[in-house]
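Student: Hey, dropping my_file-v7.txt in here, compact mmCIF, C-alpha atoms:
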# COMPACT_ATOMS: atom_id res chain seq x y z
CA MET A 1273 -28.40 2.76 -35.31
CA ARG A 1274 -27.82 5.13 -32.38
CA VAL A 1275 -26.71 3.80 -29.00
CA LEU A 1276 -26.27 5.82 -25.82
CA VAL A 1277 -24.32 4.44 -22.83
CA THR A 1278 -24.80 6.30 -19.56
CA LEU A 1279 -23.60 3.68 -17.07
CA THR A 1280 -21.66 4.70 -14.00
CA PRO A 1281 -18.87 4.68 -13.02
CA LEU A 1282 -16.81 6.10 -15.87
CA MET A 1283 -14.53 3.09 -16.19
CA TYR A 1284 -17.46 0.76 -16.80
CA ARG A 1285 -19.14 3.24 -19.14
CA GLU A 1286 -16.01 3.39 -21.26
CA ALA A 1287 -15.50 -0.37 -21.07
CA ILE A 1288 -18.99 -1.19 -22.37
CA ALA A 1289 -18.79 1.47 -25.08
CA HIS A 1290 -15.40 0.14 -26.19
CA SER A 1291 -16.71 -3.38 -26.30
CA LEU A 1292 -19.71 -2.36 -28.43
CA ARG A 1293 -17.52 -0.34 -30.80
CA GLN A 1294 -15.11 -3.22 -31.16
CA HIS A 1295 -17.81 -5.77 -31.98
CA ARG A 1296 -20.18 -3.50 -33.92
CA PRO A 1297 -18.08 -0.70 -35.43
CA ALA A 1298 -20.96 0.64 -37.54
CA LEU A 1299 -22.91 1.79 -34.48
CA ASP A 1300 -23.36 5.50 -33.90
CA LEU A 1301 -22.42 5.28 -30.24
CA ARG A 1302 -22.08 7.98 -27.60
CA ILE A 1303 -21.35 7.93 -23.91
CA ALA A 1304 -22.66 10.42 -21.39
CA ALA A 1305 -22.63 10.89 -17.64
CA PRO A 1306 -25.99 10.07 -16.04
CA GLU A 1307 -26.40 13.70 -15.00
CA VAL A 1308 -26.82 14.66 -18.64
CA ALA A 1309 -28.64 11.52 -19.78
CA GLU A 1310 -31.95 13.37 -20.23
CA GLU A 1311 -30.32 15.95 -22.50
CA TYR A 1312 -28.70 13.25 -24.59
CA LEU A 1313 -31.95 11.33 -24.87
CA GLU A 1314 -33.54 14.47 -26.25
CA ALA A 1315 -30.74 15.64 -28.55
CA PHE A 1316 -29.21 12.36 -29.72
CA ALA A 1317 -32.46 10.37 -29.74
CA PRO A 1318 -30.82 6.95 -29.32
CA ASP A 1319 -32.50 3.75 -30.48
CA LEU A 1320 -30.87 1.83 -27.61
CA LEU A 1321 -30.00 3.09 -24.14
CA VAL A 1322 -27.61 1.23 -21.83
CA HIS A 1323 -27.91 2.66 -18.33
CA ASP A 1324 -28.15 1.69 -14.66
CA ASP A 1325 -30.90 2.00 -12.12
CA THR A 1326 -29.16 4.62 -10.02
CA ASP A 1327 -29.31 7.44 -12.56
CA GLY A 1328 -32.78 8.62 -11.62
CA LEU A 1329 -34.20 8.34 -15.15
CA GLU A 1330 -37.98 8.10 -15.08
CA ARG A 1331 -39.73 5.26 -16.89
CA ALA A 1332 -41.28 7.93 -19.13
CA ALA A 1333 -37.79 8.81 -20.35
CA LEU A 1334 -37.19 5.18 -21.25
CA GLU A 1335 -40.29 5.20 -23.43
CA ARG A 1336 -38.43 7.50 -25.80
CA VAL A 1337 -36.07 4.70 -26.87
CA LEU A 1338 -36.92 1.53 -28.79
CA SER A 1339 -34.81 -0.71 -26.53
CA TRP A 1340 -33.01 -0.32 -23.26
CA VAL A 1341 -30.71 -2.25 -20.97
CA GLU A 1342 -30.87 -1.35 -17.31
CA VAL A 1343 -28.11 -2.74 -15.07
CA LEU A 1344 -29.46 -3.09 -11.54
CA TYR A 1345 -26.76 -1.79 -9.24
CA SER A 1346 -29.31 -2.02 -6.47
CA ASP A 1347 -29.91 -5.72 -7.13
CA SER A 1348 -26.72 -7.76 -7.53
CA MET A 1349 -25.96 -6.26 -10.94
CA ASP A 1350 -28.72 -8.19 -12.66
CA ALA A 1351 -30.17 -6.42 -15.68
CA TRP A 1352 -33.56 -5.68 -17.18
CA ILE A 1353 -33.65 -5.70 -20.95
CA TYR A 1354 -36.50 -4.19 -22.90
CA SER A 1355 -36.31 -5.36 -26.49
CA GLY A 1356 -38.86 -6.18 -29.17
CA GLY A 1357 -41.69 -5.18 -26.86
CA HIS A 1358 -40.61 -7.68 -24.20
CA LEU A 1359 -39.10 -7.06 -20.80
CA ASN A 1360 -36.76 -9.73 -19.41
CA LYS A 1361 -34.47 -9.97 -16.43
CA TYR A 1362 -30.97 -11.37 -16.81
CA GLU A 1363 -28.52 -12.52 -14.20
CA ASP A 1364 -24.93 -11.45 -14.81
CA ILE A 1365 -25.44 -9.99 -18.27
CA SER A 1366 -22.64 -10.65 -20.76
CA THR A 1367 -21.38 -8.88 -23.87
CA ALA A 1368 -22.96 -11.62 -25.99
CA ILE A 1369 -26.40 -10.81 -24.58
CA LEU A 1370 -25.87 -7.11 -25.13
CA LEU A 1371 -24.85 -7.77 -28.73
CA GLU A 1372 -27.98 -9.87 -29.24
CA VAL A 1373 -30.07 -6.87 -28.21
CA VAL A 1374 -28.11 -4.65 -30.59
CA ASP A 1375 -28.50 -7.10 -33.48
CA GLU A 1376 -32.22 -7.66 -32.90
CA LEU A 1377 -32.83 -3.96 -32.84
CA ALA A 1378 -30.72 -3.38 -35.94
CA GLU A 1379 -32.76 -5.99 -37.77
CA TRP A 1380 -36.03 -4.43 -36.63
CA LEU A 1381 -34.83 -1.01 -37.80
CA ARG A 1382 -33.93 -2.45 -41.20
CA GLU A 1383 -37.40 -3.94 -41.56
CA HIS A 1384 -39.30 -0.82 -40.49
CA MET B 1099 8.01 -5.76 -23.69
CA THR B 1100 4.53 -7.20 -23.40
CA VAL B 1101 2.82 -6.94 -20.03
CA ARG B 1102 0.93 -10.10 -19.12
CA VAL B 1103 -2.30 -9.21 -17.31
CA VAL B 1104 -5.07 -11.18 -15.61
CA LEU B 1105 -8.46 -9.55 -15.07
CA VAL B 1106 -10.68 -10.57 -12.16
CA ASP B 1107 -14.20 -9.14 -12.01
CA ASP B 1108 -17.46 -10.79 -11.04
CA HIS B 1109 -19.52 -8.94 -13.61
CA THR B 1110 -19.13 -10.61 -16.98
CA MET B 1111 -20.14 -7.69 -19.20
CA PHE B 1112 -17.81 -5.27 -17.41
CA ARG B 1113 -14.96 -7.75 -17.32
CA GLU B 1114 -15.35 -8.32 -21.04
CA GLY B 1115 -15.47 -4.56 -21.57
CA LEU B 1116 -12.17 -4.06 -19.75
CA LEU B 1117 -10.75 -6.98 -21.69
CA SER B 1118 -11.79 -5.23 -24.90
CA ILE B 1119 -9.99 -2.03 -23.85
CA LEU B 1120 -6.79 -3.72 -22.71
CA SER B 1121 -6.63 -6.07 -25.69
CA SER B 1122 -6.91 -3.18 -28.11
CA ARG B 1123 -3.70 -1.59 -26.82
CA GLY B 1124 -1.58 -3.42 -29.36
CA GLY B 1125 1.56 -5.26 -28.31
CA GLY B 1126 1.99 -3.52 -24.97
CA ILE B 1127 -0.56 -5.45 -22.95
CA GLU B 1128 -1.61 -9.08 -23.25
CA VAL B 1129 -4.59 -10.23 -21.22
CA VAL B 1130 -3.62 -13.84 -20.58
CA GLY B 1131 -6.86 -14.65 -18.83
CA HIS B 1132 -9.94 -13.32 -17.10
CA ALA B 1133 -12.34 -14.79 -14.59
CA PRO B 1134 -14.88 -14.00 -11.93
CA SER B 1135 -13.40 -13.91 -8.44
CA GLY B 1136 -13.15 -17.16 -6.52
CA GLU B 1137 -11.63 -20.51 -7.34
CA GLU B 1138 -11.57 -19.95 -11.09
CA ALA B 1139 -9.50 -16.79 -10.65
CA ILE B 1140 -7.13 -18.41 -8.19
CA ALA B 1141 -6.51 -21.35 -10.54
CA LEU B 1142 -5.91 -18.95 -13.42
CA LEU B 1143 -3.42 -16.95 -11.37
CA ARG B 1144 -1.51 -20.04 -10.29
CA GLU B 1145 -1.31 -21.22 -13.85
CA SER B 1146 -0.43 -17.95 -15.58
CA ALA B 1147 1.62 -16.01 -12.97
CA PRO B 1148 0.91 -12.68 -14.69
CA ALA B 1149 2.97 -9.53 -14.25
CA VAL B 1150 -0.18 -7.63 -13.28
CA VAL B 1151 -3.44 -8.69 -11.66
CA ILE B 1152 -6.37 -6.30 -11.97
CA THR B 1153 -9.10 -7.24 -9.57
CA GLN B 1154 -12.42 -5.67 -8.75
CA ILE B 1155 -13.01 -5.50 -4.98
CA ASP B 1156 -16.32 -4.08 -3.82
CA VAL B 1157 -16.78 -6.07 -0.62
CA ASP B 1158 -16.36 -5.24 3.04
CA LEU B 1159 -12.86 -4.89 4.38
CA HIS B 1160 -12.81 -8.26 6.06
CA ARG B 1161 -13.62 -10.05 2.81
CA ALA B 1162 -11.35 -7.72 0.83
CA LYS B 1163 -8.44 -8.82 2.99
CA GLU B 1164 -9.26 -12.46 2.32
CA VAL B 1165 -9.45 -11.88 -1.43
CA ILE B 1166 -6.13 -10.02 -1.53
CA SER B 1167 -4.36 -12.57 0.59
CA ARG B 1168 -5.56 -15.41 -1.67
CA ILE B 1169 -4.42 -13.54 -4.78
CA ARG B 1170 -1.04 -12.84 -3.19
CA GLU B 1171 -0.68 -16.49 -2.28
CA ALA B 1172 -1.61 -17.66 -5.78
CA SER B 1173 0.61 -15.20 -7.62
CA PRO B 1174 3.10 -13.67 -5.19
CA HIS B 1175 5.18 -11.78 -7.76
CA SER B 1176 2.34 -10.05 -9.60
CA ARG B 1177 1.72 -6.34 -9.22
CA LEU B 1178 -1.77 -6.05 -7.78
CA MET B 1179 -4.22 -3.38 -8.94
CA VAL B 1180 -7.54 -3.02 -7.16
CA LEU B 1181 -10.58 -1.51 -8.89
CA THR B 1182 -13.19 -0.39 -6.40
CA ILE B 1183 -16.16 1.83 -5.85
CA PHE B 1184 -15.15 2.53 -2.24
CA ASP B 1185 -13.73 5.95 -1.60
CA ASN B 1186 -13.22 5.99 2.14
CA LEU B 1187 -9.85 6.55 3.72
CA ARG B 1188 -9.88 3.48 5.93
CA TYR B 1189 -10.40 1.23 2.92
CA VAL B 1190 -7.54 2.87 1.02
CA GLN B 1191 -5.23 2.59 4.02
CA ALA B 1192 -6.17 -0.98 4.86
CA LEU B 1193 -5.63 -2.18 1.29
CA SER B 1194 -2.38 -0.28 1.05
CA LYS B 1195 -1.19 -2.03 4.20
CA LEU B 1196 -1.94 -5.33 2.50
CA GLY B 1197 0.63 -4.43 -0.11
CA ILE B 1198 -1.51 -3.64 -3.13
CA ASP B 1199 0.29 -1.69 -5.83
CA ALA B 1200 -2.58 0.43 -7.11
CA TYR B 1201 -5.94 1.56 -5.74
CA ILE B 1202 -8.13 2.69 -8.60
CA HIS B 1203 -11.55 4.15 -8.05
CA LYS B 1204 -13.95 3.12 -10.78
CA THR B 1205 -14.64 6.74 -11.64
CA SER B 1206 -11.14 6.72 -13.13
CA SER B 1207 -10.97 6.53 -16.91
CA SER B 1208 -9.76 3.56 -18.89
CA GLU B 1209 -6.83 5.71 -20.07
CA GLU B 1210 -5.81 6.13 -16.43
CA LEU B 1211 -6.10 2.39 -15.92
CA VAL B 1212 -3.75 1.73 -18.81
CA ALA B 1213 -1.32 4.45 -17.69
CA ILE B 1214 -1.14 2.90 -14.22
CA ILE B 1215 -0.45 -0.58 -15.62
CA GLU B 1216 2.39 0.89 -17.65
CA ALA B 1217 3.73 2.85 -14.68
CA LEU B 1218 3.76 -0.23 -12.44
CA VAL B 1219 5.56 -2.30 -14.99
CA ARG B 1220 8.15 0.40 -15.69
CA GLU B 1221 9.16 0.22 -12.06
CA PRO B 1222 8.83 -3.43 -11.04
CA ALA B 1223 10.51 -2.93 -7.70
CA GLY B 1224 8.54 0.22 -6.88
CA GLU B 1225 7.23 0.32 -3.34
CA ASN B 1226 4.72 3.12 -3.72
CA THR B 1227 0.99 2.54 -4.00
CA VAL B 1228 -0.60 4.36 -6.90
CA VAL B 1229 -3.95 5.85 -5.91
CA SER B 1230 -6.43 7.13 -8.47
CA MET B 1231 -9.38 8.75 -6.73
CA PRO B 1232 -11.90 11.48 -7.45
CA ARG B 1233 -10.35 14.79 -6.41
CA GLY B 1234 -13.42 15.65 -4.32
CA SER B 1235 -13.14 12.44 -2.28
CA LEU B 1236 -9.45 13.02 -1.64
CA GLU B 1237 -10.08 16.58 -0.53
CA ARG B 1238 -12.72 15.43 1.94
CA MET B 1239 -10.45 12.78 3.39
CA ASP B 1240 -8.57 13.44 6.57
CA HIS B 1241 -8.01 11.51 9.68
CA GLY B 1242 -10.18 13.64 11.96
CA PRO B 1243 -11.02 12.08 15.29
CA MET B 1244 -11.77 8.73 13.63
CA GLY B 1245 -8.11 8.38 12.72
CA ALA B 1246 -7.32 7.68 16.35
CA LEU B 1247 -9.30 4.45 16.33
CA SER B 1248 -7.50 1.14 16.25
CA GLU B 1249 -8.41 -1.44 13.61
CA ARG B 1250 -10.31 -3.45 16.24
CA GLU B 1251 -12.24 -0.39 17.40
CA THR B 1252 -13.11 0.45 13.81
CA GLU B 1253 -14.40 -3.08 13.35
CA VAL B 1254 -16.61 -2.67 16.41
CA LEU B 1255 -17.87 0.61 15.01
CA VAL B 1256 -18.84 -1.03 11.71
CA HIS B 1257 -20.88 -3.60 13.63
CA VAL B 1258 -22.49 -0.81 15.67
CA ALA B 1259 -23.41 0.96 12.44
CA ARG B 1260 -24.98 -2.29 11.23
CA GLY B 1261 -27.25 -2.14 14.24
CA LEU B 1262 -25.80 -5.06 16.19
CA SER B 1263 -26.14 -5.18 19.96
CA ASN B 1264 -23.07 -5.53 22.17
CA LEU B 1265 -23.81 -9.21 22.62
CA GLN B 1266 -24.18 -9.72 18.88
CA ILE B 1267 -20.92 -7.87 18.23
CA ALA B 1268 -19.19 -9.99 20.86
CA THR B 1269 -20.39 -13.16 19.15
CA GLU B 1270 -19.46 -11.88 15.71
CA MET B 1271 -15.94 -10.93 16.79
CA ASN B 1272 -15.35 -13.78 19.24
CA LEU B 1273 -14.97 -11.39 22.15
CA ALA B 1274 -16.45 -11.11 25.60
CA GLU B 1275 -19.34 -8.65 25.82
CA ALA B 1276 -17.35 -6.66 28.40
CA THR B 1277 -14.53 -6.26 25.88
CA VAL B 1278 -16.98 -4.85 23.35
CA LYS B 1279 -18.21 -2.39 25.98
CA ARG B 1280 -14.63 -1.35 26.70
CA HIS B 1281 -13.95 -0.85 22.99
CA LEU B 1282 -17.09 1.26 22.74
CA ALA B 1283 -16.08 3.40 25.71
CA ASN B 1284 -12.69 3.98 24.06
CA ILE B 1285 -14.38 4.87 20.76
CA TYR B 1286 -16.67 7.41 22.46
CA GLN B 1287 -13.72 8.99 24.25
CA LYS B 1288 -11.46 9.12 21.21
CA VAL B 1289 -14.00 10.60 18.80
CA GLY B 1290 -15.77 12.77 21.37
CA VAL B 1291 -19.30 11.35 21.19
CA GLY B 1292 -21.68 9.93 23.76
CA SER B 1293 -23.80 7.40 21.92
CA ARG B 1294 -23.82 4.67 19.28
CA SER B 1295 -25.88 6.79 16.88
CA GLU B 1296 -23.51 9.77 17.21
CA ALA B 1297 -20.50 7.54 16.61
CA THR B 1298 -22.17 6.00 13.55
CA ARG B 1299 -23.19 9.39 12.17
CA LEU B 1300 -19.68 10.79 12.59
CA ALA B 1301 -18.05 7.73 11.02
CA LEU B 1302 -20.34 8.01 8.00
CA GLN B 1303 -19.91 11.77 7.71
CA GLU B 1304 -16.16 11.43 7.71
CA MET B 1305 -16.39 8.51 5.27
CA TRP B 1306 -14.48 6.38 7.73
CA ILE B 1307 -17.00 3.68 7.01
CA GLY B 1308 -19.17 3.42 3.91
CA ILE B 1309 -22.85 2.70 3.44
CA SER B 1310 -21.97 -0.31 1.28
CA GLU B 1311 -19.84 -1.69 4.07
CA ILE B 1312 -22.81 -1.52 6.41
CA THR B 1313 -25.38 -2.90 4.02
CA GLU B 1314 -23.14 -5.59 2.52
CA ALA B 1315 -23.71 -7.85 5.49
CA ASP B 1316 -27.46 -7.56 5.10
CA LEU B 1317 -27.24 -8.43 1.44
CA ASP B 1318 -25.20 -11.55 2.04
CA GLY B 1319 -27.37 -12.64 4.89
CA SER B 1320 -24.80 -12.15 7.62
CA GLY B 1321 -26.37 -9.01 9.07
CA PRO B 1322 -28.35 -8.76 12.29
CA GLY B 1323 -31.47 -10.83 12.26
CA SER B 1324 -30.16 -13.09 9.54
CA PRO B 1325 -30.22 -16.85 10.01
CA HIS B 1326 -26.46 -16.71 10.53
CA ASP B 1327 -26.20 -14.23 13.36
CA GLY B 1328 -27.34 -16.69 15.95
CA HIS B 1329 -29.54 -14.20 17.80
CA GLY B 1330 -32.51 -13.16 15.76
CA HIS B 1331 -34.72 -10.39 17.16
Rewrite the structure from the file as structure tokens, please.

Tutor:
Amino acid sequence: MRVLVTLTPLMYREAIAHSLRQHRPALDLRIAAPEVAEEYLEAFAPDLLVHDDTDGLERAALERVLSWVEVLYSDSMDAWIYSGGHLNKYEDISTAILLEVVDELAEWLREH
Amino acid sequence: MTVRVVLVDDHTMFREGLLSILSSRGGGIEVVGHAPSGEEAIALLRESAPAVVITQIDVDLHRAKEVISRIREASPHSRLMVLTIFDNLRYVQALSKLGIDAYIHKTSSSEELVAIIEALVREPAGENTVVSMPRGSLERMDHGPMGALSERETEVLVHVARGLSNLQIATEMNLAEATVKRHLANIYQKVGVGSRSEATRLALQEMWIGISEITEADLDGSGPGSPHDGHGH
């Protein structure tokens, strides 16, 4: 399963990527600056994108991934999560919630 | 020697991410606790008295000072590292004056974060403040005319930038309206402008104040027109 993390700033991008790698070492995970997010979406074709709402990605770009997590820097750091065809808003997202998204998607990929 | 660290960050996922990085460093760093800011963090600091406190601070200067002073009170011997998104000179200087040991912009890498922890611990009596900032921000920073402003005048200027009237500023700062006017006259003279909007524009251009600092008050409901400002429109 391919995961792309494009959060800003760098320290948070690295922190989330590290956390995911630590808990789910089998993931094919890459990090990229938001400026090159579009290129990575095209070339790496992630199944899951973890990004924030200040990177300027269009909704159309998000349609290229099966699931996405969008941290709302413009709204108290809440997060939208699109997973399994459903869109939900979370307050103060945790690693456990992020891992749930990863696991649900991994299961869906196994079944399809 | 193991460095005992406490992490304070309001955002759970990010705090846990930093915890993951620091905990993976082997025997060198031990994260003895982590918490969102506030009472939970203060209790944790009192209880654990870590060698290093890493705290996220992305609030206006007034609140930043409160946070730092509470941390210092709870754990006076800890080296204090601040993680922030602010990259304006006044913020760096003000926090440095409060005796922080490291000012780390969040565009810094996690490797830099670890290196700074190690550097601080290697020199426990060090009196320098370590600053990790984007090169571009540092290059743009200079005192310019804004550097001549006193702390009080800068505070007035932040309120001006928030759109408060002289009367509202006076109420906010517990001053007489005439004193606010005098501060404003001094500001205009020192920075060479003739109006509130020019002063605001210059302060923003020179990054003496930040957009977040101006909008923070609106977000927390303490800005002009909020139920707390006592004036309305």

Student: Can you tell me, as a list in words, which residues sit within 8 Å of (-25.8, 8.9, -22.1) in the file's frame, using only C-alpha atoms?

Tutor: Leu1276, Val1277, Thr1278, Leu1279, Arg1302, Ile1303, Ala1304, Ala1305, Pro1306, Val1308, Ala1309, Glu1310, Tyr1312, Leu1313, Leu1321, Val1322 and His1323 of chain A

Student: Output as a list in words the set of chain B residues within 8 Å of chain A, with distances taken over all atoms listed in the file.

Tutor: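 Going by the stated atoms only, the list reads His1109, Thr1110, Met1111, Phe1112, Glu1114, Gly1115, Leu1116, Ser1118, Ile1119, Lys1204, Thr1205, Ser1206, Ser1207 and Ser1208 of chain B.
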
Student: Report, in Å to a single decimal, how far apart atom CA of Val1106 of chain B and atom CA of Ala1133 of chain B are.

Tutor: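 Computed distance, atom CA of Ala1133 of chain B to atom CA of Val1106 of chain B, equals 5.1 Å.
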
Student: Would you mind listing what lies within 8 Å of Met1273 of chain A as JSON, numbers by chain, with all atoms listed in the file counted and same-chain residues fewer than 6 positions away left out?

Tutor: {"A": [1299, 1300, 1318, 1319, 1378, 1381]}

Student: Under the rule that only C-alpha atoms are counted, which of A:Glu1314, A:Glu1307, A:Arg1296, A:Tyr1345 is the nearest residue to Leu1329 of chain A?

Tutor: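 When distances to Leu1329 of chain A are compared using only C-alpha atoms, the smallest one comes from A:Glu1307.
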
Student: Which polymer residues have any atom within 12 Å of an atom of Gly1224 of chain B, counting only C-alpha atoms, with same-chain residues fewer than 2 positions away left out, as a ChimeraX atom specification?

Tutor: /B:1177,1197-1200,1217-1222,1226-1228

Student: Which distance in Å separates atom CA of Gly1308 of chain B and atom CA of Asn1186 of chain B, to one decimal?

Tutor: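 Value for the atom CA of Gly1308 of chain B-atom CA of Asn1186 of chain B distance: 6.7 Å.
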
Student: For atom CA of Ser1230 of chain B and atom CA of Arg1170 of chain B, quote the distance in Å rounded to one decimal.

Tutor: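 These two atoms are separated by 21.3 Å.
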
Student: Which is closest to Ser1263 of chain B among B:Arg1294, B:Ser1235, B:Glu1137, B:Glu1251, if we use only C-alpha atoms?

Tutor: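 Residue with the minimum atom-to-atom distance to Ser1263 of chain B: B:Arg1294.
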
Student: How big is the axis-aligned box, and where does its centre sit, when it encloses all atoms of segment 1349-1357 of chain A listed in the file and has 3 Å added on every side, reported in Å to one decimal as lines of an AutoDock Vina configuration file?

Tutor:
center_x = -33.8
center_y = -6.2
center_z = -20.1
size_x = 21.7
size_y = 10.0
size_z = 24.2

Student: Ranking B:Ala1162, B:Ser1194, B:Ser1295, B:Asp1156 by minimum distance to Gly1261 of chain B and counting only C-alpha atoms, which one comes first?

Tutor: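 Once distances to Gly1261 of chain B are computed over only C-alpha atoms, the minimum belongs to B:Ser1295.
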
Student: So, counting all atoms listed in the file, which residue among A:Arg1274, A:Asp1327, A:Ser1339, A:Trp1352 is closest to Glu1376 of chain A?

Tutor: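 The closest residue to Glu1376 of chain A is A:Ser1339.
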
Student: Please fill the gaps in segment 1175-1201 of chain B so it has N, CA and C atoms, and write that as a PDB file, in the frame of the given file.

Tutor:
ATOM      1  N   HIS B1175       4.304 -12.779  -7.125  1.00  0.00           N
ATOM      2  CA  HIS B1175       5.180 -11.780  -7.760  1.00  0.00           C
ATOM      3  C   HIS B1175       4.427 -10.809  -8.662  1.00  0.00           C
ATOM      4  N   SER B1176       3.111 -10.946  -8.742  1.00  0.00           N
ATOM      5  CA  SER B1176       2.340 -10.050  -9.600  1.00  0.00           C
ATOM      6  C   SER B1176       2.165  -8.697  -8.929  1.00  0.00           C
ATOM      7  N   ARG B1177       2.127  -7.640  -9.758  1.00  0.00           N
ATOM      8  CA  ARG B1177       1.720  -6.340  -9.220  1.00  0.00           C
ATOM      9  C   ARG B1177       0.199  -6.369  -9.138  1.00  0.00           C
ATOM     10  N   LEU B1178      -0.330  -5.903  -8.029  1.00  0.00           N
ATOM     11  CA  LEU B1178      -1.770  -6.050  -7.780  1.00  0.00           C
ATOM     12  C   LEU B1178      -2.492  -4.707  -7.838  1.00  0.00           C
ATOM     13  N   MET B1179      -3.418  -4.605  -8.785  1.00  0.00           N
ATOM     14  CA  MET B1179      -4.220  -3.380  -8.940  1.00  0.00           C
ATOM     15  C   MET B1179      -5.653  -3.662  -8.519  1.00  0.00           C
ATOM     16  N   VAL B1180      -6.174  -2.832  -7.643  1.00  0.00           N
ATOM     17  CA  VAL B1180      -7.540  -3.020  -7.160  1.00  0.00           C
ATOM     18  C   VAL B1180      -8.455  -1.961  -7.780  1.00  0.00           C
ATOM     19  N   LEU B1181      -9.551  -2.425  -8.391  1.00  0.00           N
ATOM     20  CA  LEU B1181     -10.580  -1.510  -8.890  1.00  0.00           C
ATOM     21  C   LEU B1181     -11.727  -1.546  -7.895  1.00  0.00           C
ATOM     22  N   THR B1182     -12.140  -0.401  -7.425  1.00  0.00           N
ATOM     23  CA  THR B1182     -13.190  -0.390  -6.400  1.00  0.00           C
ATOM     24  C   THR B1182     -14.076   0.821  -6.518  1.00  0.00           C
ATOM     25  N   ILE B1183     -15.235   0.704  -5.895  1.00  0.00           N
ATOM     26  CA  ILE B1183     -16.160   1.830  -5.850  1.00  0.00           C
ATOM     27  C   ILE B1183     -16.040   2.543  -4.500  1.00  0.00           C
ATOM     28  N   PHE B1184     -15.284   1.932  -3.576  1.00  0.00           N
ATOM     29  CA  PHE B1184     -15.150   2.530  -2.240  1.00  0.00           C
ATOM     30  C   PHE B1184     -14.205   3.726  -2.272  1.00  0.00           C
ATOM     31  N   ASP B1185     -14.611   4.784  -1.620  1.00  0.00           N
ATOM     32  CA  ASP B1185     -13.730   5.950  -1.600  1.00  0.00           C
ATOM     33  C   ASP B1185     -13.515   6.456  -0.174  1.00  0.00           C
ATOM     34  N   ASN B1186     -13.493   5.524   0.788  1.00  0.00           N
ATOM     35  CA  ASN B1186     -13.220   5.990   2.140  1.00  0.00           C
ATOM     36  C   ASN B1186     -11.780   5.687   2.550  1.00  0.00           C
ATOM     37  N   LEU B1187     -11.269   6.561   3.380  1.00  0.00           N
ATOM     38  CA  LEU B1187      -9.850   6.550   3.720  1.00  0.00           C
ATOM     39  C   LEU B1187      -9.406   5.240   4.375  1.00  0.00           C
ATOM     40  N   ARG B1188     -10.258   4.701   5.227  1.00  0.00           N
ATOM     41  CA  ARG B1188      -9.880   3.480   5.930  1.00  0.00           C
ATOM     42  C   ARG B1188      -9.655   2.339   4.946  1.00  0.00           C
ATOM     43  N   TYR B1189     -10.519   2.283   3.938  1.00  0.00           N
ATOM     44  CA  TYR B1189     -10.400   1.230   2.920  1.00  0.00           C
ATOM     45  C   TYR B1189      -9.086   1.387   2.163  1.00  0.00           C
ATOM     46  N   VAL B1190      -8.783   2.621   1.758  1.00  0.00           N
ATOM     47  CA  VAL B1190      -7.540   2.870   1.020  1.00  0.00           C
ATOM     48  C   VAL B1190      -6.355   2.439   1.881  1.00  0.00           C
ATOM     49  N   GLN B1191      -6.364   2.880   3.133  1.00  0.00           N
ATOM     50  CA  GLN B1191      -5.230   2.590   4.020  1.00  0.00           C
ATOM     51  C   GLN B1191      -5.092   1.088   4.278  1.00  0.00           C
ATOM     52  N   ALA B1192      -6.230   0.446   4.529  1.00  0.00           N
ATOM     53  CA  ALA B1192      -6.170  -0.980   4.860  1.00  0.00           C
ATOM     54  C   ALA B1192      -5.639  -1.782   3.671  1.00  0.00           C
ATOM     55  N   LEU B1193      -6.097  -1.446   2.471  1.00  0.00           N
ATOM     56  CA  LEU B1193      -5.630  -2.180   1.290  1.00  0.00           C
ATOM     57  C   LEU B1193      -4.170  -1.877   0.997  1.00  0.00           C
ATOM     58  N   SER B1194      -3.783  -0.645   1.251  1.00  0.00           N
ATOM     59  CA  SER B1194      -2.380  -0.280   1.050  1.00  0.00           C
ATOM     60  C   SER B1194      -1.490  -1.091   1.996  1.00  0.00           C
ATOM     61  N   LYS B1195      -1.963  -1.238   3.222  1.00  0.00           N
ATOM     62  CA  LYS B1195      -1.190  -2.030   4.200  1.00  0.00           C
ATOM     63  C   LYS B1195      -1.049  -3.481   3.753  1.00  0.00           C
ATOM     64  N   LEU B1196      -2.014  -3.947   2.975  1.00  0.00           N
ATOM     65  CA  LEU B1196      -1.940  -5.330   2.500  1.00  0.00           C
ATOM     66  C   LEU B1196      -1.003  -5.473   1.301  1.00  0.00           C
ATOM     67  N   GLY B1197      -0.408  -4.358   0.914  1.00  0.00           N
ATOM     68  CA  GLY B1197       0.630  -4.430  -0.110  1.00  0.00           C
ATOM     69  C   GLY B1197       0.121  -4.364  -1.540  1.00  0.00           C
ATOM     70  N   ILE B1198      -1.077  -3.777  -1.738  1.00  0.00           N
ATOM     71  CA  ILE B1198      -1.510  -3.640  -3.130  1.00  0.00           C
ATOM     72  C   ILE B1198      -0.642  -2.575  -3.806  1.00  0.00           C
ATOM     73  N   ASP B1199      -0.570  -2.631  -5.114  1.00  0.00           N
ATOM     74  CA  ASP B1199       0.290  -1.690  -5.830  1.00  0.00           C
ATOM     75  C   ASP B1199      -0.489  -0.512  -6.405  1.00  0.00           C
ATOM     76  N   ALA B1200      -1.788  -0.699  -6.604  1.00  0.00           N
ATOM     77  CA  ALA B1200      -2.580   0.430  -7.110  1.00  0.00           C
ATOM     78  C   ALA B1200      -4.015   0.315  -6.609  1.00  0.00           C
ATOM     79  N   TYR B1201      -4.560   1.462  -6.212  1.00  0.00           N
ATOM     80  CA  TYR B1201      -5.940   1.560  -5.740  1.00  0.00           C
ATOM     81  C   TYR B1201      -6.646   2.484  -6.721  1.00  0.00           C
TER      82      TYR B1201
END
